[in-house]
Each structure stands twice: as C-alpha cells, then as structure tokens.
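Colleague: Just one file: final-v5.cif, with mmCIF, C-alpha atoms.
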```cif
data_run
loop_
_atom_site.label_atom_id
_atom_site.label_comp_id
_atom_site.auth_asym_id
_atom_site.auth_seq_id
_atom_site.Cartn_x
_atom_site.Cartn_y
_atom_site.Cartn_z
CA MET A 208 10.79 -5.43 -22.19
CA PRO A 209 11.83 -2.37 -20.16
CA ILE A 210 9.33 0.39 -19.61
CA ALA A 211 10.26 3.65 -21.30
CA PRO A 212 11.20 6.38 -18.77
CA SER A 213 8.32 8.58 -19.91
CA THR A 214 5.80 5.79 -19.34
CA PRO A 215 4.92 5.40 -15.66
CA ALA A 216 4.96 1.87 -14.34
CA HIS A 217 2.13 0.78 -12.09
CA ALA A 218 2.52 -1.19 -8.89
CA ALA A 219 -0.75 -2.99 -9.69
CA GLN A 220 0.99 -4.72 -12.62
CA VAL A 221 1.73 -7.58 -10.19
CA ASP A 222 -0.99 -9.89 -8.94
CA ASP A 223 -1.64 -10.47 -5.24
CA ARG A 224 0.54 -13.59 -5.04
CA ALA A 225 3.51 -11.82 -6.67
CA ALA A 226 2.98 -8.73 -4.48
CA VAL A 227 3.13 -10.87 -1.34
CA ALA A 228 6.19 -12.76 -2.62
CA LEU A 229 7.97 -9.44 -3.19
CA ALA A 230 7.26 -8.54 0.43
CA LYS A 231 8.82 -11.62 2.06
CA SER A 232 11.36 -10.66 4.68
CA GLN A 233 15.03 -10.94 3.76
CA GLU A 234 15.87 -11.73 7.39
CA LEU A 235 13.44 -13.17 9.91
CA ILE A 236 14.23 -13.25 13.63
CA VAL A 237 11.70 -15.22 15.67
CA ASP A 238 11.20 -15.67 19.40
CA GLU A 239 12.03 -19.38 19.77
CA SER A 240 9.27 -19.85 22.36
CA LEU A 241 6.59 -19.20 19.71
CA PRO A 242 5.17 -22.30 17.98
CA ALA A 243 5.75 -22.39 14.20
CA ALA A 244 1.98 -22.33 13.57
CA THR A 245 1.66 -19.12 15.61
CA VAL A 246 4.48 -17.47 13.69
CA SER A 247 2.91 -18.47 10.37
CA ALA A 248 -0.50 -17.16 11.48
CA MET A 249 1.10 -13.85 12.53
CA LEU A 250 3.08 -13.41 9.32
CA THR A 251 0.17 -14.16 6.95
CA PRO A 252 -1.64 -10.81 7.50
CA VAL A 253 1.67 -8.96 7.75
CA ASP A 254 2.80 -10.35 4.39
CA ALA A 255 -0.58 -9.33 2.91
CA PHE A 256 -0.12 -5.81 4.36
CA TYR A 257 3.25 -5.33 2.68
CA GLY A 258 1.95 -7.00 -0.48
CA PHE A 259 -0.71 -4.28 -0.52
CA TRP A 260 2.02 -1.64 -0.68
CA ASN A 261 3.54 -3.47 -3.67
CA SER A 262 0.26 -3.69 -5.59
CA GLY A 263 -2.42 -1.43 -4.13
CA SER A 264 -4.70 -4.48 -3.85
CA GLN A 265 -7.72 -3.80 -1.63
CA THR A 266 -8.12 -7.58 -1.31
CA LEU A 267 -4.69 -7.85 0.33
CA LEU A 268 -5.41 -4.90 2.61
CA ASP A 269 -8.73 -6.49 3.66
CA GLN A 270 -6.89 -9.75 4.43
CA ALA A 271 -4.33 -7.86 6.51
CA LEU A 272 -6.30 -5.45 8.71
CA GLY A 273 -8.80 -6.25 11.41
CA PRO A 274 -12.07 -4.30 11.48
CA ASN A 275 -10.94 -2.40 14.60
CA PHE A 276 -7.45 -1.67 13.26
CA THR A 277 -5.86 1.37 14.89
CA ASP A 278 -2.94 3.37 13.53
CA HIS A 279 -1.41 4.91 16.65
CA THR A 280 0.90 7.26 14.71
CA PRO A 281 -1.00 8.58 11.69
CA PRO A 282 0.24 11.78 10.09
CA PRO A 283 -2.10 14.79 10.28
CA GLY A 284 -5.23 14.26 8.22
CA ARG A 285 -4.93 10.46 7.89
CA PRO A 286 -7.73 8.46 9.55
CA PRO A 287 -6.41 6.14 12.28
CA GLY A 288 -8.74 3.26 11.31
CA PRO A 289 -8.69 0.74 8.44
CA SER A 290 -9.33 3.43 5.83
CA GLY A 291 -6.04 5.17 6.72
CA PRO A 292 -3.67 2.73 4.97
CA ALA A 293 -6.02 2.57 1.97
CA THR A 294 -5.98 6.37 1.67
CA ALA A 295 -2.20 6.55 2.13
CA GLY A 296 -1.58 3.70 -0.31
CA LYS A 297 -3.72 5.29 -3.01
CA ALA A 298 -1.93 8.63 -2.68
CA PHE A 299 1.54 7.15 -2.51
CA LEU A 300 1.04 4.70 -5.37
CA ALA A 301 -0.31 7.58 -7.48
CA ALA A 302 2.98 9.41 -6.81
CA VAL A 303 5.30 6.40 -7.13
CA PRO A 304 3.41 3.93 -9.34
CA ASP A 305 6.32 1.47 -9.57
CA LEU A 306 6.75 1.35 -5.80
CA LYS A 307 8.51 -1.69 -4.39
CA VAL A 308 8.50 -2.36 -0.68
CA THR A 309 11.33 -4.54 0.54
CA VAL A 310 11.08 -6.04 4.01
CA VAL A 311 14.71 -5.94 5.05
CA GLN A 312 14.21 -7.67 8.39
CA GLN A 313 11.46 -8.68 10.79
CA LEU A 314 11.32 -9.58 14.45
CA VAL A 315 8.45 -11.76 15.66
CA VAL A 316 8.00 -11.50 19.44
CA GLY A 317 4.87 -12.14 21.49
CA ASP A 318 1.94 -10.68 19.53
CA ARG A 319 4.14 -8.20 17.61
CA VAL A 320 5.93 -8.13 14.29
CA VAL A 321 8.52 -5.39 13.93
CA SER A 322 9.51 -4.71 10.32
CA HIS A 323 12.36 -2.64 8.90
CA LEU A 324 11.28 -1.58 5.40
CA ARG A 325 12.72 0.02 2.30
CA PHE A 326 10.44 1.87 -0.14
CA ALA A 327 11.87 2.44 -3.63
CA GLY A 328 10.61 3.52 -7.04
CA ARG A 329 10.38 6.60 -9.25
CA PHE A 330 8.28 9.71 -8.69
CA THR A 331 6.46 9.73 -12.01
CA GLY A 332 2.97 10.57 -10.73
CA ARG A 333 1.56 13.43 -8.67
CA PHE A 334 1.92 14.20 -4.97
CA SER A 335 0.67 17.29 -3.13
CA GLY A 336 -0.07 18.96 -6.46
CA VAL A 337 3.45 18.37 -7.80
CA GLU A 338 4.12 16.33 -10.94
CA GLY A 339 7.05 13.94 -10.66
CA LYS A 340 9.90 14.03 -13.15
CA GLY A 341 11.09 10.47 -12.65
CA GLN A 342 13.13 11.20 -9.54
CA ALA A 343 14.46 8.14 -7.72
CA ILE A 344 12.70 7.53 -4.41
CA ASP A 345 14.42 5.39 -1.78
CA PHE A 346 13.67 5.70 1.94
CA ILE A 347 13.18 3.54 5.01
CA ALA A 348 10.40 2.94 7.50
CA THR A 349 9.75 0.86 10.61
CA ASP A 350 6.46 -0.71 11.67
CA ILE A 351 5.49 -2.28 14.98
CA LEU A 352 2.40 -4.35 14.23
CA ARG A 353 0.18 -6.14 16.77
CA VAL A 354 -1.48 -9.23 15.35
CA ALA A 355 -4.50 -10.93 16.93
CA GLY A 356 -7.16 -13.23 15.53
CA GLY A 357 -5.34 -13.54 12.20
CA ARG A 358 -5.33 -9.79 11.47
CA ILE A 359 -3.27 -6.71 12.21
CA THR A 360 -5.03 -4.83 15.00
CA ASP A 361 -2.55 -2.03 15.73
CA ASN A 362 0.32 -0.22 14.01
CA TRP A 363 2.96 2.12 15.39
CA HIS A 364 5.16 3.32 12.54
CA LEU A 365 7.79 5.80 11.53
CA GLU A 366 8.66 6.66 7.92
CA ASP A 367 11.58 8.76 6.73
CA ASN A 368 9.21 11.25 5.10
CA LEU A 369 11.87 13.95 5.10
CA THR A 370 14.00 11.89 2.71
CA PHE A 371 10.98 11.17 0.50
CA LEU A 372 9.98 14.85 0.33
CA ARG A 373 13.54 15.88 -0.53
CA GLN A 374 13.94 13.20 -3.19
CA ALA A 375 10.59 14.17 -4.71
CA GLY A 376 11.71 17.82 -4.86
CA LEU A 377 8.99 18.96 -2.44
CA LEU A 378 11.59 20.19 0.07
CA PRO A 379 15.10 21.52 -0.53
CA ALA A 380 17.87 18.95 -0.38
CA ALA A 381 19.95 18.88 2.78
CA SER A 382 22.92 21.20 2.62
CA ASP A 383 26.33 19.69 3.11
#
```
Would you kindly transcribe this structure into structure tokens?

Modeller:
Amino acid sequence: MPIAPSTPAHAAQVDDRAAVALAKSQELIVDESLPAATVSAMLTPVDAFYGFWNSGSQTLLDQALGPNFTDHTPPPGRPPGPSGPATAGKAFLAAVPDLKVTVVQQLVVGDRVVSHLRFAGRFTGRFSGVEGKGQAIDFIATDILRVAGGRITDNWHLEDNLTFLRQAGLLPAASD
C-alpha cells in the first residue's frame, strides 16, 4: 500500500538485514591481488555503514565503525569521531525520513573501499529549522573508507550538499 504524500515515510521501516541489502553495490571493482576472504571482510563493515544510512540503525553503525574512527572531512560542527555519523544520520533522516542510499559503484584496493553513492528521498521532515514540503531529494556523494580489523577506521568524503540545499529550498536554485 503506498504511503500518502502527507504521511512521512521513515527509513527505519526496514530492518537491519533489508537496510544492508539495499546498500549492496551495483558495480564492484576489486583489486585481483586481494584474497576473496579479505574483500568480504572489508565489505562487511562498509555494507553495515551504508545500511545505517538506509535505516538509522545504531546497531549497524556500531558494526561498521571502529572505536578510533576518524572522519577526515567533517563539515563544521560535526565531531570527527564515531559520534559524527550518528549525529549526521539522525539529522538527515529527520529531514528525509524515506532516505534510500544506493551504492552505484565501489572500488576495493589495498585497505580502502571507494564508494560512489546516490542519496534519494523526499524532504518531508525538518532541517535547519525549515519544514519540508515533500520536495524530491537526489544527490551524489563519494567516500574513501579505510578498513582495518573488521571496522572502518577512517573516512574521507565529499557530498553534493549544494544540490541537497537547493532541492530542499534552503538555497536558491541555480540560475540558467
């Protein structure tokens, strides 16, 4: 049954297994010198990390991030440690409760997983004091994740926040 436009959907409507399944990469490019077991061990926390963005599950985030996780490119005000993604996820899922993260492609090389992502949903919640009106949200991001000891230890990322802010009506649309 479809959700009525006036009723916000919630990312947490999917369980952890479904959230991780939604986050499986559409295209996976792997360094052929890496053993299959190493690749699987690297992708397990990465899949949990992107599953977190599909569900908001703290369990998945805890499975993904190491205790000394460092975000090397946090926006102003976001903590660079493990609490940073939790804070960002809570705020973003409050703004776009039906968020779906699609992993378009991934490269697995050495101790890194590089992911090209697409974030999509509807702005039906609140963000920066602004109430959404159901605007479509659709923007890309790229993560470079270091994985060690079965957890993500480092993240360097870039999101197309300008597109998000324009789509949400928080900034004027680009002029033609």

Colleague: Residues of segment 244-325 of chain A that have any atom at most 12 Å from an atom of segment 343-347 of chain A: could you tabulate them with the shortest-distance atom pair and the distance in Å to one decimal, using all atoms listed in the file, ordered by chain and increasing number, as JSON lines?

Modeller:
```
{"residue": "A:Phe299", "atom": "CA", "partner": "A:Ile344", "partner_atom": "CA", "distance": 11.3}
{"residue": "A:Ala302", "atom": "CA", "partner": "A:Ile344", "partner_atom": "CA", "distance": 10.2}
{"residue": "A:Val303", "atom": "CA", "partner": "A:Ile344", "partner_atom": "CA", "distance": 8.0}
{"residue": "A:Pro304", "atom": "CA", "partner": "A:Ile344", "partner_atom": "CA", "distance": 11.1}
{"residue": "A:Asp305", "atom": "CA", "partner": "A:Ile344", "partner_atom": "CA", "distance": 10.2}
{"residue": "A:Leu306", "atom": "CA", "partner": "A:Ile344", "partner_atom": "CA", "distance": 8.7}
{"residue": "A:Lys307", "atom": "CA", "partner": "A:Asp345", "partner_atom": "CA", "distance": 9.6}
{"residue": "A:Val308", "atom": "CA", "partner": "A:Ile347", "partner_atom": "CA", "distance": 9.4}
{"residue": "A:Thr309", "atom": "CA", "partner": "A:Ile347", "partner_atom": "CA", "distance": 9.4}
{"residue": "A:Val310", "atom": "CA", "partner": "A:Ile347", "partner_atom": "CA", "distance": 9.9}
{"residue": "A:Val311", "atom": "CA", "partner": "A:Ile347", "partner_atom": "CA", "distance": 9.6}
{"residue": "A:Gln312", "atom": "CA", "partner": "A:Ile347", "partner_atom": "CA", "distance": 11.8}
{"residue": "A:Ser322", "atom": "CA", "partner": "A:Ile347", "partner_atom": "CA", "distance": 10.5}
{"residue": "A:His323", "atom": "CA", "partner": "A:Ile347", "partner_atom": "CA", "distance": 7.3}
{"residue": "A:Leu324", "atom": "CA", "partner": "A:Ile347", "partner_atom": "CA", "distance": 5.5}
{"residue": "A:Arg325", "atom": "CA", "partner": "A:Ile347", "partner_atom": "CA", "distance": 4.5}
```

Colleague: Do you know which residues the PyMOL selection byres ((chain A and resi 371) around 12) returns on this file, as a ChimeraX atom specification?

Modeller: /A:299,302-303,325-330,334,342-348,366-370,372-380

Colleague: Which one of A:Ala225, A:Leu267, A:Val354, A:Leu241 sits closest to Gly296 of chain A if you count only C-alpha atoms?

Modeller: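 Of A:Ala225, A:Leu267, A:Val354, A:Leu241, the one nearest Gly296 of chain A is A:Leu267, counting only C-alpha atoms.
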
Colleague: So, with only C-alpha atoms as the atoms that count, which of A:Leu250, A:Val320, A:Ala244, A:Ile359 lies closest to Pro289 of chain A?

Modeller: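 That would be A:Ile359, the residue with the smallest distance to Pro289 of chain A.
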
Colleague: Could you expand the PyMOL selection byres ((chain A and resi 258) around 10) into the explicit residues it covers here, written as JSON, numbers by chain?

Modeller: {"A": [221, 222, 223, 224, 225, 226, 227, 228, 229, 230, 231, 252, 253, 254, 255, 256, 257, 259, 260, 261, 262, 263, 264, 267, 268, 271, 307, 308, 309]}

Colleague: When the PyMOL selection byres ((chain A and resi 236) around 8) is applied to the structure above, which residues does it catch, written out as a PyMOL selection string?

Modeller: chain A and resi 234-235+237-238+312-315

Colleague: Please compute the atom CA of Pro287 of chain A-atom CA of Asp350 of chain A distance, one decimal, in Å.

Modeller: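 Atom-to-atom, atom CA of Pro287 of chain A and atom CA of Asp350 of chain A are spaced 14.6 Å apart.
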
Colleague: List as a list in words the protein and nucleic acid residues near Asn275 of chain A, meaning an atom at most 12 Å away when only C-alpha atoms are counted, but skip any in the same chain fewer than 6 places from it.

Modeller: Asp269, Pro287, Gly288, Pro289, Ser290, Gly291, Arg353, Val354, Ala355, Gly356, Arg358, Ile359, Thr360, Asp361 and Asn362 of chain A

Colleague: For segment 314-331 of chain A, which lacks atoms in the input, supply N, CA and C atoms and format the output as a short mmCIF file (atom, residue, chain, number, x, y, z; two decimals), in the coordinates of the input.

Modeller:
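In the end it all went to part16.cif:
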```cif
data_model
loop_
_atom_site.label_atom_id
_atom_site.label_comp_id
_atom_site.auth_asym_id
_atom_site.auth_seq_id
_atom_site.Cartn_x
_atom_site.Cartn_y
_atom_site.Cartn_z
N LEU A 314 11.23 -8.92 13.15
CA LEU A 314 11.32 -9.58 14.45
C LEU A 314 9.91 -9.99 14.84
N VAL A 315 9.74 -11.25 15.22
CA VAL A 315 8.45 -11.76 15.66
C VAL A 315 8.60 -12.10 17.14
N VAL A 316 7.89 -11.35 17.99
CA VAL A 316 8.00 -11.50 19.44
C VAL A 316 6.62 -11.31 20.05
N GLY A 317 6.18 -12.26 20.86
CA GLY A 317 4.87 -12.14 21.49
C GLY A 317 3.79 -12.00 20.43
N ASP A 318 2.99 -10.92 20.53
CA ASP A 318 1.94 -10.68 19.53
C ASP A 318 2.34 -9.58 18.56
N ARG A 319 3.65 -9.31 18.45
CA ARG A 319 4.14 -8.20 17.61
C ARG A 319 5.05 -8.69 16.50
N VAL A 320 4.98 -7.97 15.39
CA VAL A 320 5.93 -8.13 14.29
C VAL A 320 6.50 -6.74 14.02
N VAL A 321 7.82 -6.64 14.18
CA VAL A 321 8.52 -5.39 13.93
C VAL A 321 9.22 -5.54 12.58
N SER A 322 8.97 -4.61 11.67
CA SER A 322 9.51 -4.71 10.32
C SER A 322 10.33 -3.47 9.98
N HIS A 323 11.52 -3.71 9.45
CA HIS A 323 12.36 -2.64 8.90
C HIS A 323 12.17 -2.71 7.39
N LEU A 324 11.72 -1.61 6.79
CA LEU A 324 11.28 -1.58 5.40
C LEU A 324 12.10 -0.62 4.56
N ARG A 325 12.13 -0.89 3.27
CA ARG A 325 12.72 0.02 2.30
C ARG A 325 11.70 0.23 1.19
N PHE A 326 11.36 1.49 0.93
CA PHE A 326 10.44 1.87 -0.14
C PHE A 326 11.26 2.46 -1.29
N ALA A 327 11.08 1.94 -2.50
CA ALA A 327 11.87 2.44 -3.63
C ALA A 327 11.01 2.46 -4.89
N GLY A 328 11.30 3.39 -5.76
CA GLY A 328 10.61 3.52 -7.04
C GLY A 328 10.98 4.86 -7.66
N ARG A 329 10.14 5.31 -8.58
CA ARG A 329 10.38 6.60 -9.25
C ARG A 329 9.13 7.46 -9.12
N PHE A 330 9.37 8.74 -8.82
CA PHE A 330 8.28 9.71 -8.69
C PHE A 330 7.88 10.15 -10.09
N THR A 331 6.93 9.43 -10.66
CA THR A 331 6.46 9.73 -12.01
C THR A 331 5.00 10.18 -12.01
#
```
